[in-house]
>>> print(open('query-v8.txt').read())   # compact mmCIF, C-alpha atoms
# COMPACT_ATOMS: atom_id res chain seq x y z
CA MET K 20 0.00 0.00 0.00
CA SER K 21 1.29 3.49 -0.91
CA ARG K 22 1.65 5.98 1.92
CA TRP K 23 0.98 9.61 1.00
CA ASP K 24 2.44 12.65 2.76
CA ILE K 25 -0.41 15.14 3.16
CA VAL K 26 -0.24 18.67 4.61
CA ILE K 27 -3.48 20.33 5.78
CA ALA K 28 -3.50 24.05 6.58
CA HIS K 29 -6.29 26.08 8.19
CA GLN K 30 -6.34 29.20 10.36
CA HIS K 31 -8.74 27.65 12.86
CA LYS K 32 -7.27 24.95 15.09
CA ARG K 33 -10.65 23.37 15.81
CA ILE K 34 -11.04 22.61 12.09
CA LEU K 35 -7.64 20.93 12.04
CA ASP K 36 -8.51 18.97 15.17
CA GLY K 37 -11.50 17.56 13.31
CA PHE K 38 -9.25 16.42 10.48
CA THR K 39 -6.67 14.81 12.76
CA ASP K 40 -9.26 13.11 15.01
CA TYR K 41 -10.97 11.52 12.02
CA TRP K 42 -7.63 10.54 10.48
CA LYS K 43 -6.45 8.78 13.65
CA GLN K 44 -9.67 6.79 14.03
CA SER K 45 -10.10 5.84 10.36
CA ASN K 46 -8.33 3.42 8.03
CA TYR K 47 -6.59 6.40 6.42
CA GLY K 48 -4.11 6.38 9.28
CA GLU K 49 -2.30 3.59 7.41
CA SER K 50 -2.30 5.17 3.94
CA LEU K 51 -1.84 8.87 4.81
CA HIS K 52 0.88 10.65 6.78
CA LEU K 53 -0.67 13.89 8.03
CA ARG K 54 0.86 17.21 9.14
CA VAL K 55 -1.27 20.25 10.03
CA PHE K 56 -0.47 23.99 10.19
CA THR K 57 -2.28 27.16 11.21
CA GLN K 58 0.45 29.73 10.43
CA ARG K 59 1.44 30.69 6.89
CA ASP K 60 5.15 31.29 7.70
CA THR K 61 5.54 27.90 9.40
CA LEU K 62 3.69 26.22 6.54
CA ARG K 63 5.89 27.88 3.93
CA HIS K 64 9.07 26.91 5.76
CA TYR K 65 7.96 23.28 6.01
CA LEU K 66 7.00 23.08 2.33
CA ARG K 67 10.41 24.34 1.25
CA LEU K 68 12.45 22.02 3.47
CA LYS K 69 10.46 18.81 3.36
CA PRO K 70 10.73 16.81 0.11
CA GLY K 71 8.26 14.11 -0.87
CA ILE K 72 5.04 15.95 0.04
CA HIS K 73 2.26 14.69 -2.22
CA MET K 74 -0.56 17.14 -1.51
CA LEU K 75 -1.29 20.41 0.26
CA VAL K 76 -4.93 20.84 1.36
CA SER K 77 -5.66 24.36 2.54
CA GLU K 78 -8.18 27.14 2.87
CA PRO K 79 -7.59 29.90 0.25
CA GLU K 80 -6.42 32.49 2.78
CA LEU K 81 -3.26 30.53 3.59
CA LEU K 82 -2.51 29.95 -0.09
CA GLN K 83 -2.53 33.61 -1.13
CA GLU K 84 1.14 34.39 -0.41
CA LEU K 85 2.57 31.05 -1.48
CA THR K 86 4.54 30.92 -4.73
CA GLN K 87 5.15 28.32 -7.42
CA GLU K 88 8.54 27.67 -5.81
CA ASP K 89 6.91 26.94 -2.45
CA VAL K 90 4.64 24.23 -3.88
CA SER K 91 6.86 22.88 -6.65
CA GLY K 92 6.04 19.20 -7.23
CA ILE K 93 3.07 19.32 -4.80
CA LEU K 94 -0.60 18.92 -5.74
CA VAL K 95 -2.57 21.79 -4.19
CA MET K 96 -6.20 21.44 -3.14
CA ALA K 97 -8.06 24.61 -2.13
CA LEU K 98 -11.05 24.12 0.16
CA SER K 99 -13.62 26.58 -1.15
CA THR K 100 -17.19 26.84 -2.45
CA ASP K 101 -16.32 29.61 -4.92
CA ASP K 102 -13.72 28.27 -7.32
CA GLY K 103 -14.32 31.03 -9.87
CA ALA K 104 -12.98 33.70 -7.51
CA LEU K 105 -9.70 31.94 -6.69
CA GLU K 106 -6.47 33.04 -8.38
CA PHE K 107 -3.02 31.73 -7.45
CA THR K 108 0.36 31.70 -9.20
CA PHE K 109 0.40 27.88 -9.30
CA PRO K 110 -1.96 25.12 -10.49
CA PHE K 111 -4.61 23.96 -8.01
CA ILE K 112 -7.84 22.03 -7.72
CA VAL K 113 -10.90 23.01 -5.69
CA GLU K 114 -13.02 20.91 -3.36
CA ASN K 115 -16.04 21.84 -1.28
CA PRO K 116 -15.06 21.88 2.42
CA TYR K 117 -18.65 21.21 3.50
CA GLN K 118 -18.78 17.48 2.85
CA PRO K 119 -18.23 14.42 5.05
CA LEU K 120 -14.61 13.91 6.00
CA SER K 121 -14.83 10.34 4.79
CA ARG K 122 -15.66 11.64 1.31
CA LEU K 123 -12.94 14.31 1.42
CA PHE K 124 -10.24 11.85 2.49
CA HIS K 125 -11.38 9.48 -0.25
CA ILE K 126 -10.94 12.27 -2.81
CA ILE K 127 -7.46 13.08 -1.43
CA THR K 128 -6.37 9.45 -1.81
CA GLU K 129 -7.80 9.19 -5.33
CA ARG K 130 -6.02 12.38 -6.41
CA CYS K 131 -2.69 11.12 -5.06
CA GLN K 132 -3.10 7.83 -6.91
CA LEU K 133 -3.92 9.69 -10.13
CA GLU K 134 -0.82 11.88 -9.77
CA LEU K 135 1.32 8.79 -9.19
CA SER K 136 -0.06 7.15 -12.33
CA GLN K 137 0.59 10.26 -14.41
CA ALA K 138 4.12 10.60 -13.00
CA ALA K 139 4.83 6.97 -13.85
CA ASP K 140 3.65 7.54 -17.43
CA GLN K 141 5.89 10.61 -17.72
CA SER K 142 8.85 8.74 -16.24
CA LEU K 143 8.35 5.92 -18.71
CA ALA K 144 8.23 8.36 -21.61
CA HIS K 145 11.38 10.23 -20.50
CA PRO K 146 13.25 8.16 -17.89
CA CYS K 147 16.09 10.26 -16.55
CA ARG K 148 17.66 9.26 -13.24
CA ILE K 149 20.16 11.30 -11.24
CA VAL K 150 23.07 9.50 -9.58
CA GLY K 151 25.52 11.49 -7.45
CA ILE K 152 29.07 10.39 -6.61
CA THR K 153 30.83 12.02 -3.67
CA SER K 154 33.15 11.36 -0.72
CA ALA K 155 34.55 12.89 2.46
CA GLY K 156 37.45 14.48 0.61
CA GLY K 157 39.47 14.66 -2.58
CA GLY K 158 41.35 11.80 -4.20
CA ALA K 159 38.75 9.14 -3.41
CA GLY K 160 38.29 8.18 -7.05
CA LYS K 161 35.06 10.02 -7.84
CA THR K 162 36.05 10.81 -11.42
CA THR K 163 37.30 7.29 -12.10
CA VAL K 164 34.06 5.75 -10.83
CA ALA K 165 32.00 8.33 -12.73
CA PHE K 166 33.83 7.58 -15.98
CA HIS K 167 33.51 3.81 -15.66
CA LEU K 168 29.86 3.99 -14.53
CA ALA K 169 29.06 6.21 -17.50
CA LYS K 170 30.88 3.89 -19.90
CA HIS K 171 29.00 0.89 -18.51
CA ALA K 172 25.64 2.70 -18.70
CA VAL K 173 26.26 3.72 -22.31
CA GLY K 174 27.08 0.11 -23.11
CA LEU K 175 23.65 -0.82 -21.78
CA GLY K 176 21.96 1.68 -24.08
CA GLN K 177 21.56 4.43 -21.50
CA ARG K 178 21.93 7.95 -22.90
CA THR K 179 24.26 9.38 -20.27
CA PHE K 180 25.20 12.92 -19.23
CA LEU K 181 28.24 13.56 -17.01
CA LEU K 182 28.42 16.58 -14.75
CA ASN K 183 31.44 17.48 -12.62
CA ILE K 184 30.76 20.27 -10.12
CA ASP K 185 34.33 20.42 -8.79
CA PRO K 186 36.53 23.38 -9.82
CA ILE K 187 39.15 21.08 -11.33
CA GLN K 188 37.71 19.54 -14.49
CA GLU K 189 39.41 16.23 -15.30
CA TYR K 190 36.84 15.73 -18.06
CA SER K 191 39.09 17.72 -20.38
CA LEU K 192 41.36 14.64 -20.40
CA LEU K 193 38.75 12.81 -22.47
CA ARG K 194 37.69 15.67 -24.71
CA GLN K 195 38.13 15.21 -28.40
CA PRO K 196 40.08 17.99 -30.17
CA ARG K 197 37.91 21.06 -30.67
CA GLY K 198 36.47 21.24 -34.15
CA GLU K 199 34.58 23.91 -36.02
CA ALA K 200 31.27 22.74 -34.54
CA ASP K 201 32.65 23.02 -31.01
CA GLU K 202 34.12 26.44 -31.68
CA ALA K 203 30.70 27.66 -32.76
CA SER K 204 28.85 26.04 -29.86
CA ALA K 205 27.35 28.17 -27.12
CA SER K 206 29.10 28.38 -23.75
CA LEU K 207 27.75 27.21 -20.42
CA SER K 208 27.56 30.82 -19.25
CA GLN K 209 24.90 31.50 -21.89
CA LEU K 210 22.84 28.56 -20.70
CA LEU K 211 23.09 29.74 -17.10
CA TYR K 212 21.97 33.18 -18.23
CA TYR K 213 18.79 31.73 -19.74
CA LEU K 214 18.15 29.66 -16.63
CA LYS K 215 18.53 32.75 -14.44
CA ARG K 216 16.02 34.54 -16.63
CA GLU K 217 13.65 31.62 -16.08
CA GLN K 218 14.13 31.96 -12.34
CA GLU K 219 13.44 35.68 -12.38
CA SER K 220 10.38 35.47 -14.65
CA ASP K 221 9.14 32.15 -13.24
CA LYS K 222 8.52 31.01 -16.81
CA ARG K 223 9.89 28.09 -18.78
CA LEU K 224 11.95 29.32 -21.71
CA PRO K 225 12.78 27.10 -24.71
CA VAL K 226 16.41 26.01 -24.28
CA PRO K 227 17.99 23.87 -27.05
CA LEU K 228 20.36 21.91 -24.83
CA GLU K 229 22.34 20.40 -27.70
CA GLN K 230 23.94 23.79 -28.39
CA TYR K 231 25.74 23.70 -25.05
CA THR K 232 26.96 20.10 -24.85
CA VAL K 233 30.02 18.27 -26.15
CA SER K 234 30.75 14.56 -26.44
CA LEU K 235 33.26 12.39 -24.62
CA PRO K 236 34.03 9.80 -27.32
CA ALA K 237 35.95 7.49 -24.99
CA LEU K 238 32.76 7.03 -22.95
CA GLY K 239 29.98 7.67 -25.42
CA ALA K 240 28.54 10.20 -22.97
CA SER K 241 27.91 13.95 -23.10
CA THR K 242 28.90 16.84 -20.86
CA PHE K 243 29.28 20.61 -20.89
CA ASP K 244 32.51 22.00 -22.29
CA PRO K 245 35.11 21.39 -19.54
CA LEU K 246 37.00 24.51 -20.59
CA HIS K 247 34.12 26.64 -19.31
CA MET K 248 33.35 24.77 -16.13
CA MET K 249 36.08 26.03 -13.81
CA GLU K 250 34.96 29.64 -14.05
CA GLU K 251 31.24 28.85 -13.93
CA TRP K 252 30.85 26.72 -10.81
CA GLY K 253 31.68 29.67 -8.60
CA VAL K 254 28.34 31.30 -9.46
CA ILE K 255 26.09 28.23 -9.44
CA ASP K 256 24.01 27.94 -6.28
CA LEU K 257 21.43 25.35 -5.23
CA LYS K 258 18.49 26.86 -7.12
CA LEU K 259 20.45 27.34 -10.32
CA MET K 260 21.80 23.79 -10.12
CA GLN K 261 18.26 22.47 -9.71
CA ARG K 262 17.21 24.33 -12.83
CA LEU K 263 20.23 23.03 -14.70
CA LEU K 264 19.37 19.43 -13.81
CA HIS K 265 15.71 20.02 -14.68
CA CYS K 266 16.82 21.42 -18.02
CA ILE K 267 18.86 18.29 -18.79
CA GLN K 268 15.98 16.02 -17.76
CA ALA K 269 13.35 17.99 -19.67
CA SER K 270 15.37 17.83 -22.88
CA GLY K 271 14.35 14.19 -23.29
CA ARG K 272 17.83 13.44 -24.64
CA TYR K 273 19.17 11.49 -21.63
CA ASP K 274 18.28 8.53 -19.45
CA LEU K 275 20.94 9.02 -16.77
CA ILE K 276 22.68 12.03 -15.25
CA ILE K 277 25.84 11.33 -13.24
CA VAL K 278 26.86 14.20 -10.95
CA GLU K 279 30.23 13.99 -9.23
CA GLY K 280 31.71 16.43 -6.77
CA GLY K 281 32.44 17.30 -3.18
CA HIS K 282 29.54 16.92 -0.77
CA LYS K 283 30.27 20.39 0.65
CA HIS K 284 29.83 22.12 -2.69
CA ARG K 285 26.49 23.89 -2.69
CA PRO K 286 25.45 22.64 -6.16
CA PHE K 287 25.65 19.02 -4.95
CA GLU K 288 22.76 19.76 -2.58
CA ALA K 289 20.54 19.68 -5.67
CA VAL K 290 21.18 15.93 -6.02
CA TRP K 291 19.67 15.37 -2.58
CA SER K 292 16.79 17.81 -3.11
CA MET K 293 15.82 16.12 -6.39
CA ASN K 294 15.81 12.66 -4.77
CA GLY K 295 18.93 11.54 -6.59
CA GLU K 296 20.72 8.32 -5.68
CA VAL K 297 24.06 9.04 -3.99
CA ILE K 298 27.20 6.87 -4.04
CA TRP K 299 29.66 7.62 -1.21
CA LEU K 300 33.24 6.44 -1.77
CA LEU K 301 35.28 5.21 1.20
CA HIS K 302 39.02 4.60 1.51
CA ASP K 303 40.50 2.04 3.88
CA GLU K 304 42.34 4.78 5.76
CA MET K 305 41.69 5.70 9.38
CA GLY K 306 41.43 9.44 8.73
CA HIS K 307 39.13 9.04 5.76
CA MET K 308 36.76 6.66 7.57
CA LEU K 309 36.66 8.78 10.73
CA LYS K 310 35.91 11.89 8.69
CA SER K 311 33.06 10.11 6.90
CA GLN K 312 31.60 8.95 10.23
CA LEU K 313 31.77 12.49 11.64
CA ILE K 314 29.98 13.86 8.58
CA PHE K 315 27.27 11.20 8.83
CA GLN K 316 26.80 11.82 12.56
CA GLU K 317 26.49 15.56 11.93
CA TRP K 318 23.73 14.80 9.45
CA MET K 319 22.00 12.43 11.89
CA ASP K 320 21.98 15.19 14.53
CA ALA K 321 20.51 17.81 12.17
CA GLU K 322 17.08 19.30 12.77
CA ASP K 323 16.04 18.80 9.15
CA GLU K 324 14.54 15.33 8.73
CA THR K 325 15.65 15.12 5.09
CA VAL K 326 19.28 15.65 6.15
CA ARG K 327 18.96 13.03 8.89
CA ARG K 328 17.91 10.45 6.29
CA ARG K 329 20.99 10.90 4.11
CA PRO K 330 23.24 8.22 5.63
CA LYS K 331 20.50 5.59 5.24
CA GLN K 332 19.79 6.61 1.64
CA MET K 333 23.39 6.46 0.43
CA ARG K 334 25.20 3.51 -1.08
CA LEU K 335 28.69 3.17 0.35
CA ILE K 336 31.50 1.63 -1.69
CA VAL K 337 35.05 0.96 -0.52
CA ASN K 338 37.27 2.04 -3.42
CA ARG K 339 40.81 0.75 -4.06
CA TYR K 340 40.07 -2.38 -2.06
CA MET K 341 43.03 -4.78 -1.75
CA GLY K 342 41.30 -7.92 -0.47
CA THR K 343 41.00 -7.12 3.23
CA LEU K 344 40.12 -4.11 5.38
CA MET K 345 42.67 -2.74 7.83
CA ASN K 346 39.99 -0.51 9.37
CA ARG K 347 36.62 -1.85 10.35
CA TRP K 348 33.62 0.20 9.27
CA THR K 349 31.29 0.33 12.30
CA TYR K 350 28.75 3.03 11.44
CA ARG K 351 25.47 1.09 11.49
CA GLU K 352 23.29 3.78 9.92
CA ALA K 353 25.24 3.52 6.65
CA VAL K 354 26.29 0.06 5.50
CA VAL K 355 29.05 -0.73 3.01
CA SER K 356 27.41 -2.22 -0.08
CA GLY K 357 30.42 -3.08 -2.24
CA PHE K 358 34.16 -3.07 -2.89
CA LEU K 359 35.97 -1.79 -5.98
CA PRO K 360 39.43 -3.31 -6.56
CA TYR K 361 42.71 -1.42 -6.48
CA ILE K 362 44.29 -1.24 -9.96
CA PRO K 363 48.05 -0.48 -9.64
CA THR K 364 48.55 0.14 -13.38
CA TRP K 365 46.38 3.26 -13.18
CA LYS K 366 49.22 5.04 -11.39
CA GLN K 367 51.21 5.16 -14.65
CA ILE K 368 50.36 8.58 -16.03
CA HIS K 369 52.33 7.89 -19.21
CA ARG K 370 49.93 5.04 -20.09
CA PRO K 371 46.44 6.63 -19.90
CA GLU K 372 45.05 4.07 -22.36
CA GLN K 373 45.04 1.52 -19.51
CA TRP K 374 42.42 3.52 -17.65
CA PHE K 375 39.64 1.61 -19.40
CA GLN K 376 41.34 -1.75 -19.79
CA SER K 377 40.71 -3.38 -16.42
CA THR K 378 38.13 -6.13 -16.85
CA VAL K 379 38.26 -6.83 -13.10
CA PHE K 380 37.26 -3.29 -12.17
CA GLU K 381 34.69 -3.00 -14.94
CA SER K 382 32.98 -6.30 -14.12
CA THR K 383 32.95 -5.56 -10.38
CA LEU K 384 31.38 -2.14 -10.93
CA ALA K 385 28.91 -3.58 -13.45
CA ASN K 386 27.73 -6.26 -11.01
CA TRP K 387 27.40 -3.73 -8.21
CA ALA K 388 25.47 -1.27 -10.39
CA HIS K 389 23.09 -4.01 -11.50
CA THR K 390 22.39 -5.08 -7.91
CA HIS K 391 22.33 -1.75 -6.08
CA LEU K 392 21.32 0.76 -8.77
CA ASN K 393 19.17 -1.58 -10.84
CA LEU K 394 21.20 -0.32 -13.78
CA THR K 395 20.33 -2.56 -16.67
CA GLY K 396 19.55 -2.38 -20.36
CA LEU K 397 17.14 0.36 -21.41
CA ASP K 398 14.54 -2.12 -22.68
CA SER K 399 14.60 -3.96 -19.35
CA LEU K 400 14.31 -0.67 -17.49
CA ARG K 401 11.20 0.28 -19.44
CA ARG K 402 9.62 -3.15 -18.82
CA THR K 403 10.28 -2.73 -15.09
CA ALA K 404 8.61 0.69 -15.09
CA GLN K 405 5.56 -0.77 -16.81
>>> encode(input="query-v8.txt", output="structure tokens")
Amino acid sequence: MSRWDIVIAHQHKRILDGFTDYWKQSNYGESLHLRVFTQRDTLRHYLRLKPGIHMLVSEPELLQELTQEDVSGILVMALSTDDGALEFTFPFIVENPYQPLSRLFHIITERCQLELSQAADQSLAHPCRIVGITSAGGGAGKTTVAFHLAKHAVGLGQRTFLLNIDPIQEYSLLRQPRGEADEASASLSQLLYYLKREQESDKRLPVPLEQYTVSLPALGASTFDPLHMMEEWGVIDLKLMQRLLHCIQASGRYDLIIVEGGHKHRPFEAVWSMNGEVIWLLHDEMGHMLKSQLIFQEWMDAEDETVRRRPKQMRLIVNRYMGTLMNRWTYREAVVSGFLPYIPTWKQIHRPEQWFQSTVFESTLANWAHTHLNLTGLDSLRRTAQ
């Protein structure tokens, strides 16, 4: 049974008490998770911080100062008898508040199920997952894992986009020589300009993404021009990164977006906020493991529930594994899910062609991705969604 997160807002507490009393005593206590609010500021703060809310049910007065950004991804139901007089900056549906609560809760459940069905249809038409790769510090192998994961995904038929949010752009190592088409291509700064205009006008502008991307022939994946990335990431904040990822998804050109970068970089927060799957790389070094545990504990102690869930949502991999662990990983809230082997030949900088010639590493990563990311052929992925 699906469990829906529902927020109900009303200025009068006695009205909310009626909702909560009925909810507790009915069968909807199993299918609905309910939160109630009487103050607009508290409601707005909760909507912005709490992901995964399915529906907001509210009287019109508390909806008047909310924006599209406040209710992004949330179905809004206004309780009113005069739907013709209601005007908000976001889509909404109207229901009569003067009806039995059993009927109203039935309508709420039906609407949530309808939205889920429509979202599934849209996901099937344009499946585009986000997978983040990060670690407690630099040198953990994020780029290596990103490259090999992208190469494996492309081999499965997944149209893959690589995005490195770190200032140092190793992706230039795999760039093909710039040709006339690349010289004439638009820069990332132009794309960010259009996305900022979207943010200011709150309107979707037509953005032909192919003008801003380049290919990585060694992987079969796409990315933005690495030559522009170092200067651009300094101005990309959380909201702009969210719009950038939405732009890539909405293009319909990709099935998988791989985002790699430091967990402290503000743009990486967008991976969490958009319910991306996050891979955390561990090293079998005391300092590295202790630092990871301290970061996870800081998240577990946070006031924000979405931050507290991060350690449980991540998939931990020990990278450069040499057959046995010198340090025991004891953090129970985040369990190690796999081990990627250490490849000594990759230390030879004068032989870069060996970077993609380790069948042991490739097969280990492929098996892990199949088990823990459900990364499989595109046809199989579509059958699973159906």
>>> atom_distance(input="query-v8.txt", atom1="atom CA of K:Ser382", atom2="atom CA of K:Val173")
14.6 Å
>>> atom_distance(input="query-v8.txt", atom1="atom CA of K:Ala104", atom2="atom CA of K:Glu78")
13.2 Å
>>> atom_distance(input="query-v8.txt", atom1="atom CA of K:Ala388", atom2="atom CA of K:Gly280")
19.1 Å
>>> closest_residue(input="query-v8.txt", among="K:Leu335, K:Leu309, K:Ala97, K:Leu344", to="K:Val113", atoms="all atoms listed in the file")
K:Ala97
>>> residues_around(input="query-v8.txt", residues="K:Arg33", least_positions_apart="6", cutoff="12 Å", atoms="all atoms listed in the file", output="PyMOL selection string")
chain K and resi 39-40+55-57
>>> closest_residue(input="query-v8.txt", among="K:Arg59, K:Leu259, K:Ile267, K:Phe315", to="K:Arg285", atoms="all atoms listed in the file")
K:Leu259
>>> closest_residue(input="query-v8.txt", among="K:Glu80, K:Glu134, K:Glu229, K:Asp89", to="K:Ser270", atoms="all atoms listed in the file")
K:Glu229
>>> closest_residue(input="query-v8.txt", among="K:Trp365, K:Ser77, K:Thr232, K:Ser121", to="K:Tyr47", atoms="all atoms listed in the file")
K:Ser121
>>> residues_around(input="query-v8.txt", residues="K:Ile298", least_positions_apart="5", cutoff="8 Å", atoms="all atoms listed in the file", output="PyMOL selection string")
chain K and resi 150-153+333-336
>>> closest_residue(input="query-v8.txt", among="K:Arg339, K:Asp102, K:Ala165, K:Leu228", to="K:Val297", atoms="only C-alpha atoms")
K:Ala165
>>> residues_near_point(input="query-v8.txt", point="(34.8, 11.3, 7.0)", cutoff="12 Å", atoms="all atoms listed in the file", output="number ranges by chain")
K: 153-157, 159, 282-283, 299-318, 348, 350
>>> closest_residue(input="query-v8.txt", among="K:Val337, K:Val95, K:Ile255, K:Met293", to="K:Leu68", atoms="only C-alpha atoms")
K:Met293
>>> residues_near_point(input="query-v8.txt", point="(0.2, 15.5, -1.5)", cutoff="9 Å", atoms="all atoms listed in the file", output="MDAnalysis selection string")
chainID K and resid 23:26 71:76 92:96 127:128 130:131
>>> write_last_selection(input="query-v8.txt", atoms="C-alpha atoms", output="PDB file, in the frame of the given file")
ATOM      1  CA  TRP K  23       0.980   9.610   1.000  1.00  0.00           C
ATOM      2  CA  ASP K  24       2.440  12.650   2.760  1.00  0.00           C
ATOM      3  CA  ILE K  25      -0.410  15.140   3.160  1.00  0.00           C
ATOM      4  CA  VAL K  26      -0.240  18.670   4.610  1.00  0.00           C
ATOM      5  CA  GLY K  71       8.260  14.110  -0.870  1.00  0.00           C
ATOM      6  CA  ILE K  72       5.040  15.950   0.040  1.00  0.00           C
ATOM      7  CA  HIS K  73       2.260  14.690  -2.220  1.00  0.00           C
ATOM      8  CA  MET K  74      -0.560  17.140  -1.510  1.00  0.00           C
ATOM      9  CA  LEU K  75      -1.290  20.410   0.260  1.00  0.00           C
ATOM     10  CA  VAL K  76      -4.930  20.840   1.360  1.00  0.00           C
ATOM     11  CA  GLY K  92       6.040  19.200  -7.230  1.00  0.00           C
ATOM     12  CA  ILE K  93       3.070  19.320  -4.800  1.00  0.00           C
ATOM     13  CA  LEU K  94      -0.600  18.920  -5.740  1.00  0.00           C
ATOM     14  CA  VAL K  95      -2.570  21.790  -4.190  1.00  0.00           C
ATOM     15  CA  MET K  96      -6.200  21.440  -3.140  1.00  0.00           C
ATOM     16  CA  ILE K 127      -7.460  13.080  -1.430  1.00  0.00           C
ATOM     17  CA  THR K 128      -6.370   9.450  -1.810  1.00  0.00           C
ATOM     18  CA  ARG K 130      -6.020  12.380  -6.410  1.00  0.00           C
ATOM     19  CA  CYS K 131      -2.690  11.120  -5.060  1.00  0.00           C
TER      20      CYS K 131
END
>>> residues_around(input="query-v8.txt", residues="K:Gln83", least_positions_apart="2", cutoff="9 Å", atoms="all atoms listed in the file", output="ChimeraX atom specification")
/K:79-81,85-86,106-108
